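Here is coords14.txt, consisting of compact mmCIF, C-alpha atoms:
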# COMPACT_ATOMS: atom_id res chain seq x y z
CA MET A 55 -38.35 17.28 17.19
CA ALA A 56 -36.97 17.66 20.70
CA ILE A 57 -36.73 13.88 21.11
CA ALA A 58 -35.01 13.51 17.73
CA LEU A 59 -32.44 16.19 18.56
CA VAL A 60 -31.67 14.64 21.95
CA VAL A 61 -31.24 11.19 20.39
CA VAL A 62 -28.90 12.47 17.67
CA ALA A 63 -26.85 14.45 20.18
CA GLY A 64 -26.63 11.41 22.47
CA LEU A 65 -25.46 9.15 19.64
CA TYR A 66 -22.81 11.66 18.57
CA LEU A 67 -21.48 12.12 22.11
CA TYR A 68 -21.49 8.36 22.72
CA ALA A 69 -19.44 7.83 19.54
CA VAL A 70 -16.93 10.45 20.68
CA HIS A 71 -16.73 8.75 24.10
CA LYS A 72 -16.17 5.40 22.39
CA LEU A 73 -13.29 6.82 20.37
CA ARG A 74 -11.60 8.33 23.40
CA THR A 75 -12.08 5.15 25.44
CA ARG A 76 -10.00 3.17 22.96
CA GLY A 77 -7.35 5.91 22.85
CA ASP A 78 -8.28 7.68 19.61
CA ARG A 79 -8.45 11.45 19.35
CA TRP A 80 -11.47 13.47 18.17
CA PRO A 81 -11.13 17.27 17.90
CA ILE A 82 -13.29 19.12 20.40
CA GLY A 83 -14.07 21.73 17.75
CA ARG A 84 -15.99 19.17 15.72
CA THR A 85 -18.08 18.18 18.73
CA LEU A 86 -18.87 21.82 19.52
CA ALA A 87 -19.77 22.52 15.89
CA PHE A 88 -22.21 19.61 15.68
CA VAL A 89 -23.95 19.30 19.05
CA PRO A 90 -24.38 22.78 20.51
CA GLY A 91 -23.77 24.33 17.11
CA GLY A 92 -25.78 22.60 14.39
CA LEU A 93 -28.30 20.80 16.58
CA GLY A 94 -28.66 23.87 18.78
CA VAL A 95 -29.50 26.03 15.76
CA ILE A 96 -32.14 23.51 14.67
CA ALA A 97 -33.63 23.63 18.17
CA ILE A 98 -33.76 27.44 18.09
CA ALA A 99 -35.38 27.41 14.65
CA THR A 100 -38.08 24.87 15.48
CA LEU A 101 -38.61 24.79 19.26
CA SER A 102 -38.27 28.45 20.26
CA GLY A 103 -40.47 31.43 19.53
CA LEU A 104 -39.43 31.21 15.87
CA GLY A 105 -41.14 27.83 15.66
CA THR A 106 -44.20 29.24 17.39
CA TYR A 107 -44.59 32.25 15.11
CA ASP A 108 -43.23 30.82 11.85
CA ASP A 109 -46.79 30.50 10.47
CA THR A 110 -47.89 33.83 11.95
CA LEU A 111 -45.10 36.23 10.93
CA PHE A 112 -43.41 36.07 7.55
CA SER A 113 -40.29 37.62 9.07
CA ALA A 114 -40.08 34.85 11.72
CA HIS A 115 -40.43 32.25 9.00
CA MET A 116 -37.62 33.90 7.01
CA ILE A 117 -35.24 33.77 9.98
CA GLN A 118 -36.17 30.12 10.46
CA HIS A 119 -35.53 29.49 6.78
CA MET A 120 -32.03 30.98 6.96
CA LEU A 121 -31.14 29.02 10.09
CA LEU A 122 -32.31 25.66 8.73
CA ALA A 123 -31.02 26.06 5.18
CA MET A 124 -27.68 27.78 5.80
CA VAL A 125 -26.47 28.07 9.39
CA ALA A 126 -27.27 24.58 10.73
CA PRO A 127 -25.92 22.69 7.67
CA ILE A 128 -22.63 24.61 7.82
CA LEU A 129 -22.08 23.76 11.48
CA MET A 130 -23.14 20.15 11.03
CA ALA A 131 -20.79 19.73 8.08
CA LEU A 132 -17.92 21.00 10.23
CA GLY A 133 -18.83 18.37 12.83
CA ALA A 134 -17.95 15.49 10.44
CA PRO A 135 -20.65 13.06 11.66
CA VAL A 136 -20.11 10.60 8.79
CA THR A 137 -16.42 10.27 9.60
CA LEU A 138 -17.28 9.69 13.24
CA ALA A 139 -19.80 7.01 12.28
CA LEU A 140 -17.32 5.22 10.02
CA ARG A 141 -14.80 5.10 12.87
CA THR A 142 -17.19 3.77 15.52
CA LEU A 143 -19.90 1.67 13.82
CA PRO A 144 -19.70 -2.13 13.78
CA ALA A 145 -18.31 -3.75 10.66
CA ARG A 146 -21.68 -4.62 9.12
CA SER A 147 -23.19 -1.17 9.71
CA ARG A 148 -20.03 0.53 8.46
CA LYS A 149 -20.13 -1.57 5.29
CA ALA A 150 -23.77 -0.59 4.70
CA LEU A 151 -22.99 3.09 5.20
CA LEU A 152 -20.08 2.91 2.76
CA ALA A 153 -22.28 1.15 0.22
CA PHE A 154 -24.83 3.98 0.47
CA LEU A 155 -22.15 6.68 0.16
CA HIS A 156 -20.82 5.05 -3.00
CA SER A 157 -24.22 4.25 -4.49
CA ARG A 158 -25.33 5.76 -7.77
CA TYR A 159 -28.25 7.54 -6.09
CA PHE A 160 -26.08 9.31 -3.52
CA ARG A 161 -23.48 10.23 -6.15
CA LEU A 162 -26.28 11.87 -8.12
CA ILE A 163 -27.91 13.92 -5.36
CA SER A 164 -24.56 14.90 -3.81
CA HIS A 165 -23.05 16.11 -7.07
CA PRO A 166 -22.09 19.77 -6.55
CA LEU A 167 -24.05 20.98 -9.59
CA ILE A 168 -27.22 19.09 -8.59
CA ALA A 169 -26.99 20.32 -5.00
CA PHE A 170 -26.33 23.86 -6.23
CA ALA A 171 -29.43 23.75 -8.45
CA PHE A 172 -31.65 22.57 -5.57
CA PHE A 173 -30.16 25.10 -3.16
CA ILE A 174 -30.81 28.04 -5.49
CA ALA A 175 -34.14 26.91 -6.93
CA THR A 176 -35.80 25.99 -3.63
CA PRO A 177 -36.41 29.54 -2.25
CA TYR A 178 -37.55 30.86 -5.64
CA ALA A 179 -40.00 27.98 -6.03
CA LEU A 180 -41.18 28.40 -2.44
CA TYR A 181 -41.99 32.11 -2.45
CA LEU A 182 -42.90 32.69 -6.10
CA SER A 183 -45.41 29.84 -6.36
CA GLY A 184 -48.23 28.40 -4.28
CA TRP A 185 -45.84 26.26 -2.25
CA TYR A 186 -45.44 28.64 0.69
CA PRO A 187 -49.18 29.45 1.09
CA ALA A 188 -49.87 25.70 1.10
CA THR A 189 -47.41 25.16 3.96
CA LEU A 190 -49.40 27.57 6.13
CA THR A 191 -52.50 25.39 6.00
CA SER A 192 -50.93 21.90 5.95
CA THR A 193 -48.97 20.71 8.96
CA TRP A 194 -47.34 17.84 7.08
CA LEU A 195 -46.21 20.04 4.20
CA HIS A 196 -45.03 22.63 6.72
CA GLU A 197 -42.80 20.10 8.50
CA PHE A 198 -41.68 18.60 5.20
CA THR A 199 -40.48 22.06 4.12
CA HIS A 200 -38.34 22.30 7.27
CA VAL A 201 -36.74 18.94 6.51
CA HIS A 202 -36.29 19.97 2.88
CA PHE A 203 -34.43 23.13 3.94
CA LEU A 204 -32.08 21.10 6.12
CA VAL A 205 -31.42 18.35 3.56
CA VAL A 206 -30.86 20.71 0.62
CA GLY A 207 -28.57 22.92 2.70
CA SER A 208 -26.58 19.90 3.82
CA LEU A 209 -26.23 18.57 0.27
CA PHE A 210 -24.97 22.00 -0.83
CA PHE A 211 -22.51 22.72 1.99
CA TRP A 212 -21.19 19.22 2.65
CA PRO A 213 -19.14 19.01 -0.61
CA LEU A 214 -17.96 22.61 -0.20
CA ILE A 215 -16.75 22.85 3.39
CA GLY A 216 -17.56 19.46 4.90
CA LEU A 217 -14.86 17.22 6.38
CA ASP A 218 -16.53 13.89 5.61
CA PRO A 219 -15.51 11.63 2.70
CA LEU A 220 -17.72 12.09 -0.34
CA PRO A 221 -17.73 10.38 -3.75
CA ILE A 222 -17.36 13.71 -5.58
CA ARG A 223 -15.43 16.66 -4.18
CA TRP A 224 -14.31 19.47 -6.44
CA PRO A 225 -10.94 21.22 -6.08
CA TYR A 226 -10.84 24.37 -3.99
CA PRO A 227 -10.90 26.91 -6.87
CA ALA A 228 -14.08 25.35 -8.32
CA ARG A 229 -15.74 25.31 -4.90
CA ALA A 230 -14.82 28.95 -4.31
CA LEU A 231 -16.38 29.89 -7.65
CA MET A 232 -19.61 28.10 -6.74
CA MET A 233 -19.80 29.93 -3.42
CA ILE A 234 -19.23 33.31 -5.06
CA ILE A 235 -21.97 32.61 -7.63
CA SER A 236 -24.47 31.55 -4.95
CA MET A 237 -23.96 34.61 -2.74
CA PRO A 238 -25.95 37.24 -4.70
CA LEU A 239 -28.80 34.95 -5.78
CA HIS A 240 -30.51 34.96 -2.39
CA ALA A 241 -30.08 38.72 -2.20
CA VAL A 242 -31.84 39.08 -5.57
CA LEU A 243 -34.79 37.06 -4.26
CA GLY A 244 -34.93 39.26 -1.16
CA VAL A 245 -35.16 42.36 -3.32
CA ILE A 246 -37.91 40.74 -5.42
CA ILE A 247 -39.94 39.97 -2.29
CA MET A 248 -39.50 43.52 -1.00
CA GLN A 249 -40.65 45.05 -4.30
CA MET A 250 -43.56 42.71 -5.01
CA ALA A 251 -46.80 44.54 -5.81
CA GLY A 252 -48.90 41.98 -3.94
CA ARG A 253 -48.25 40.11 -0.74
CA ILE A 254 -47.33 36.47 -0.30
CA ALA A 255 -50.24 34.41 1.10
CA THR A 256 -52.42 37.53 1.37
CA SER A 257 -55.67 35.79 2.27
CA TYR A 258 -54.02 33.72 5.01
CA TYR A 259 -52.31 36.63 6.77
CA GLU A 260 -55.37 38.86 6.47
CA GLY A 261 -57.46 36.07 7.98
CA LEU A 262 -55.32 36.16 11.12
CA HIS A 263 -56.60 39.71 11.91
CA LEU A 264 -53.43 40.73 13.73
CA SER A 265 -53.74 44.23 15.11
CA TRP A 266 -50.12 44.55 16.21
CA ILE A 267 -48.42 43.90 12.85
CA ASP A 268 -49.02 44.94 9.27
CA PRO A 269 -48.59 41.96 6.91
CA ALA A 270 -47.22 44.21 4.17
CA SER A 271 -44.58 45.67 6.47
CA ASP A 272 -43.76 42.22 7.81
CA GLN A 273 -43.17 41.00 4.27
CA GLN A 274 -40.83 43.93 3.70
CA ILE A 275 -38.91 42.93 6.82
CA GLY A 276 -38.72 39.30 5.68
CA GLY A 277 -37.40 40.25 2.25
CA GLY A 278 -34.85 42.57 3.84
CA LEU A 279 -33.68 39.77 6.13
CA LEU A 280 -33.18 37.47 3.15
CA TRP A 281 -31.35 40.22 1.29
CA SER A 282 -28.97 41.18 4.11
CA SER A 283 -28.45 38.07 6.22
CA GLY A 284 -27.88 35.87 3.18
CA ASP A 285 -24.78 37.85 2.26
CA ILE A 286 -23.55 37.87 5.85
CA ILE A 287 -23.90 34.11 6.19
CA SER A 288 -22.27 33.61 2.80
CA LEU A 289 -19.29 35.70 3.87
CA LEU A 290 -18.92 33.66 7.05
CA MET A 291 -19.12 30.49 4.98
CA LEU A 292 -16.49 31.85 2.61
CA ALA A 293 -14.23 32.66 5.58
CA ALA A 294 -14.49 29.06 6.83
CA PHE A 295 -13.80 27.81 3.33
CA VAL A 296 -10.69 29.97 2.89
CA THR A 297 -9.39 28.78 6.28
CA GLN A 298 -9.79 25.16 5.16
CA TRP A 299 -8.06 25.94 1.87
CA ILE A 300 -5.06 27.47 3.64
CA ARG A 301 -4.79 24.54 6.05
CA SER A 302 -5.03 22.10 3.16
CA ASP A 303 -2.15 23.85 1.39
CA GLU A 304 -0.11 23.77 4.59
CA ARG A 305 -0.74 20.03 5.01
CA THR A 306 0.19 19.42 1.39
CA ALA A 307 3.41 21.41 1.77
CA ALA A 308 4.29 19.52 4.97
CA ARG A 309 3.64 16.19 3.24
CA ILE A 310 5.89 17.17 0.33
CA ASP A 311 8.62 18.24 2.75
CA ARG A 312 8.45 14.87 4.51
CA GLN A 313 8.71 13.08 1.18
CA LEU A 314 11.71 15.19 0.23
CA ASP A 315 13.32 14.50 3.59
CA ARG A 316 12.85 10.78 3.12
CA THR A 317 14.22 10.97 -0.42
CA THR A 318 17.22 13.01 0.75
CA GLY A 319 17.90 10.50 3.52
CA GLU A 320 17.76 7.62 1.07
CA ASP A 321 20.11 9.48 -1.31
CA ASN A 322 22.56 10.16 1.52
CA ALA A 323 22.51 6.52 2.54
CA LEU A 324 23.12 5.46 -1.07
CA ASP A 325 26.00 7.93 -1.40
CA ALA A 326 27.55 6.64 1.83
CA TYR A 327 27.23 3.05 0.61
CA ASN A 328 28.84 3.90 -2.75
CA ALA A 329 31.68 5.75 -0.99
CA ARG A 330 32.30 2.71 1.22
CA LEU A 331 32.47 0.46 -1.84
CA ALA A 332 34.90 2.90 -3.46
CA ARG A 333 37.17 2.87 -0.38
CA LEU A 334 37.14 -0.93 -0.29
CA ALA A 335 38.01 -1.05 -3.99
CA ALA A 336 40.85 1.45 -3.51
CA ARG A 337 42.20 -0.50 -0.53
CA SER A 338 42.12 -3.70 -2.54
CA ALA A 339 43.98 -2.02 -5.41
CA ASP A 340 46.66 -0.70 -3.03
CA SER A 341 47.25 -4.13 -1.52
CA THR A 342 47.79 -5.85 -4.90
CA PRO A 343 51.43 -4.52 -5.53
CA ALA A 344 52.42 -5.47 -1.98
CA ARG A 345 51.25 -9.02 -2.51
CA ALA A 346 53.14 -9.15 -5.79
CA ALA A 347 56.37 -7.99 -4.04
CA ASP A 348 55.95 -10.61 -1.34
CA SER A 349 55.64 -13.30 -3.98
CA THR A 350 58.87 -12.18 -5.69
CA SER A 351 60.80 -12.17 -2.37
CA ALA A 352 59.56 -15.65 -1.62
CA ARG A 353 60.82 -16.98 -4.94
CA SER A 354 64.24 -15.38 -4.38
CA ALA A 355 64.55 -16.98 -0.94
CA ASP A 356 63.78 -20.42 -2.37
CA SER A 357 66.68 -20.13 -4.89
CA ALA A 358 69.33 -18.97 -2.32
CA PRO A 359 70.64 -22.47 -1.16
CA ALA A 360 71.80 -23.21 -4.68
CA ARG A 361 74.64 -20.73 -4.14
CA SER A 362 77.96 -21.57 -2.34
CA ALA A 363 78.86 -20.34 1.05
CA GLY A 364 81.29 -17.88 -0.40
CA GLY A 365 78.74 -16.57 -2.56
CA ALA A 366 80.08 -18.05 -5.80
CA THR A 367 78.14 -20.35 -7.93
CA PRO A 368 79.56 -23.94 -7.79
CA GLN A 369 81.44 -25.00 -10.97
CA ALA A 370 80.95 -28.38 -12.56

Could you write out this file's structure as C-alpha cells?
Amino acid sequence: MAIALVVVAGLYLYAVHKLRTRGDRWPIGRTLAFVPGGLGVIAIATLSGLGTYDDTLFSAHMIQHMLLAMVAPILMALGAPVTLALRTLPARSRKALLAFLHSRYFRLISHPLIAFAFFIATPYALYLSGWYPATLTSTWLHEFTHVHFLVVGSLFFWPLIGLDPLPIRWPYPARALMMIISMPLHAVLGVIIMQMAGRIATSYYEGLHLSWIDPASDQQIGGGLLWSSGDIISLLMLAAFVTQWIRSDERTAARIDRQLDRTTGEDNALDAYNARLARLAARSADSTPARAADSTSARSADSAPARSAGGATPQA
C-alpha cells in the first residue's frame, strides 16, 4: 500500500510539473486536495494504528471505513486526476482513457442512481450479514473490502462534487437532493448497530481475549461513530457542493454578460454602419439639385453668342 501511494503521488506531481513546464496553469488547491489530502487520508486509514487495529477493535474499523468510503473519495474528486491525465498523457493513452470513460460499462457503473445504490447498500450488507465476520479471518477479503470502500465512495462522490468530465452528470438541484437523501441513511445504520441485541462477529472478538476493552462497549462506540461522524462528513460534503454551485452560477452569469457585451458591440457597430450609409445617401441627395443647376447654367452659356452685341436678337 505504501509503494502504491508513493507511485500515485509521484505520477500526479510529475503531471503537474509537466503542465507548468509547458506554461499551463494547474490550481494548487487541486494538488493539495489529492496528494496530501486524499492519498494522505488513505495512508492514515491503512498504514497507521487504524490499519493495525482495524481487525482488533470494531471502533477502529469504523473510523477506517468512514475515511476510505467518504473522506478520501471527496478529497480525491476535488483533485481532478482524470482532467490532469487527459491534459498530460500521450495521444494514444489519452484516446484509450477517453474510450473507457465513454464506454457502456463505465456509463453504467458511474450512473448517479447506480452509484447511490452501491454507496447506501454496502454498509448495510457488510454489517448485517456474514460479510464483515468473514473479512476478519480472510486477508484477501479484508483488503478487497478496503478497495471496495474506496471505489464505491469515488463512484458516488465523483458525479456529485468531482471536477472531472463524466458521461453523466446531473444538474445541481438533483445532486443536492441525492446528498440530502443519503445523509440520514448512515445514521440509521449506526443506531441499528448500537441497539443490536447481539454483537457483530461475537465469536471472533471473544476469541481475542482482550482484557482492556469490552467488545460490546466497543461495538457501541463504533455504531455511535457511524451515527455522528456520518452526518458531520455529509455536512462538509454539502458545504463543498454548495460552494461549487455558487461558483458555477457566477461563471454562468459572467459568460452571459460577455455574450451580451459582444452582442451589444456588434449592434453598435451595425448602427454606426447604417448611420454612415444614411449620411452618404443624404449627402448624395443634397448634391443632386446643385448638379442640375450647373447643367442649366452651362446650357445658357452655350446659347449666349447667338445674341447681338447690343443685346438684341439679329433680324433677318

Looking at all atoms listed in the file, which of A:Ala251, A:Leu334, A:Val70, A:Ala293 is the one that sits closest to Thr142 of chain A?
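Smallest separation from Thr142 of chain A among the options: A:Val70.
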
So what do you get for atom CA of Ala131 of chain A versus atom CA of Leu243 of chain A, distance-wise?
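Distance between the two atoms: 25.5 Å.
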
Name the closest residue to Leu86 of chain A among the candidates A:Leu129, A:Ala114, A:Ile287, A:Leu231; distances are taken between atoms, counting all atoms listed in the file.
A:Leu129

One decimal, Å: what's the distance from atom CA of Tyr178 of chain A over to atom CA of Asp272 of chain A, could you say?
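Interatomic distance here is 18.7 Å.
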
Set the distance at 12 Å and use only C-alpha atoms: which residues neighbour Ser236 of chain A once local chain neighbours fewer than 5 positions away are removed? I'd like the list as number ranges by chain.
A: 124, 167, 169-175, 210-211, 229-231, 241-243, 284-285, 287-289, 291-292

Long-range neighbours of segment 182-190 of chain A as a PDB file with C-alpha atoms, keeping the file's coordinate frame, 10 Å cut-off, only C-alpha atoms, 6 positions minimum in chain:
ATOM      1  CA  ASP A 108     -43.230  30.820  11.850  1.00  0.00           C
ATOM      2  CA  ASP A 109     -46.790  30.500  10.470  1.00  0.00           C
ATOM      3  CA  THR A 110     -47.890  33.830  11.950  1.00  0.00           C
ATOM      4  CA  HIS A 196     -45.030  22.630   6.720  1.00  0.00           C
ATOM      5  CA  GLU A 197     -42.800  20.100   8.500  1.00  0.00           C
ATOM      6  CA  PHE A 198     -41.680  18.600   5.200  1.00  0.00           C
ATOM      7  CA  THR A 199     -40.480  22.060   4.120  1.00  0.00           C
ATOM      8  CA  LEU A 243     -34.790  37.060  -4.260  1.00  0.00           C
ATOM      9  CA  ILE A 246     -37.910  40.740  -5.420  1.00  0.00           C
ATOM     10  CA  ILE A 247     -39.940  39.970  -2.290  1.00  0.00           C
ATOM     11  CA  ILE A 254     -47.330  36.470  -0.300  1.00  0.00           C
ATOM     12  CA  ALA A 255     -50.240  34.410   1.100  1.00  0.00           C
ATOM     13  CA  THR A 256     -52.420  37.530   1.370  1.00  0.00           C
ATOM     14  CA  SER A 257     -55.670  35.790   2.270  1.00  0.00           C
ATOM     15  CA  TYR A 258     -54.020  33.720   5.010  1.00  0.00           C
ATOM     16  CA  TYR A 259     -52.310  36.630   6.770  1.00  0.00           C
TER      17      TYR A 259
END

From atom CA of Met55 of chain A to atom CA of Ala97 of chain A the spacing works out at 8.0 Å

Enclosing box along x, y and z for every listed atom of segment 175-178 of chain A, padded 5 Å each side, centre and size in Å, one decimal, as lines of an AutoDock Vina configuration file:
center_x = -35.8
center_y = 28.4
center_z = -4.6
size_x = 13.4
size_y = 14.9
size_z = 14.7

Under the rule that only C-alpha atoms are counted, which of A:Ala336, A:Ala153, A:Leu122, A:Leu111 is the nearest residue to Val201 of chain A?
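Using only C-alpha atoms, Val201 of chain A sits closest to A:Leu122.
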
Applying 10 Å and all atoms listed in the file, which residues near segment 74-85 of chain A remain after dropping the ones on its own chain fewer than 5 positions away? List them as a PyMOL selection string.
chain A and resi 63+66-69+90-92+129-135+138+141+217

Using all atoms listed in the file, pick whichever of A:Ser283, A:Ser164, A:Ser338, A:Thr297 has the shortest atom-to-atom distance to Leu220 of chain A.
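Closest to Leu220 of chain A, using all atoms listed in the file: A:Ser164.
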
For Val245 of chain A, list every protein, DNA or RNA residue within 12 Å, evaluated using all atoms listed in the file, and leave out those in the same chain fewer than 3 positions away; present the list as a ChimeraX atom specification.
/A:178,238-242,248-250,273-282,284

Quick one: of A:Phe203, A:Thr193, A:Leu73, A:Leu180, who's nearest to Ala99 of chain A, counting only C-alpha atoms?
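When distances to Ala99 of chain A are compared using only C-alpha atoms, the smallest one comes from A:Phe203.
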
Of the residues A:Val136, A:Val89, A:Ile310, A:Ile128, which is the one nearest to Pro219 of chain A, using only C-alpha atoms?
A:Val136
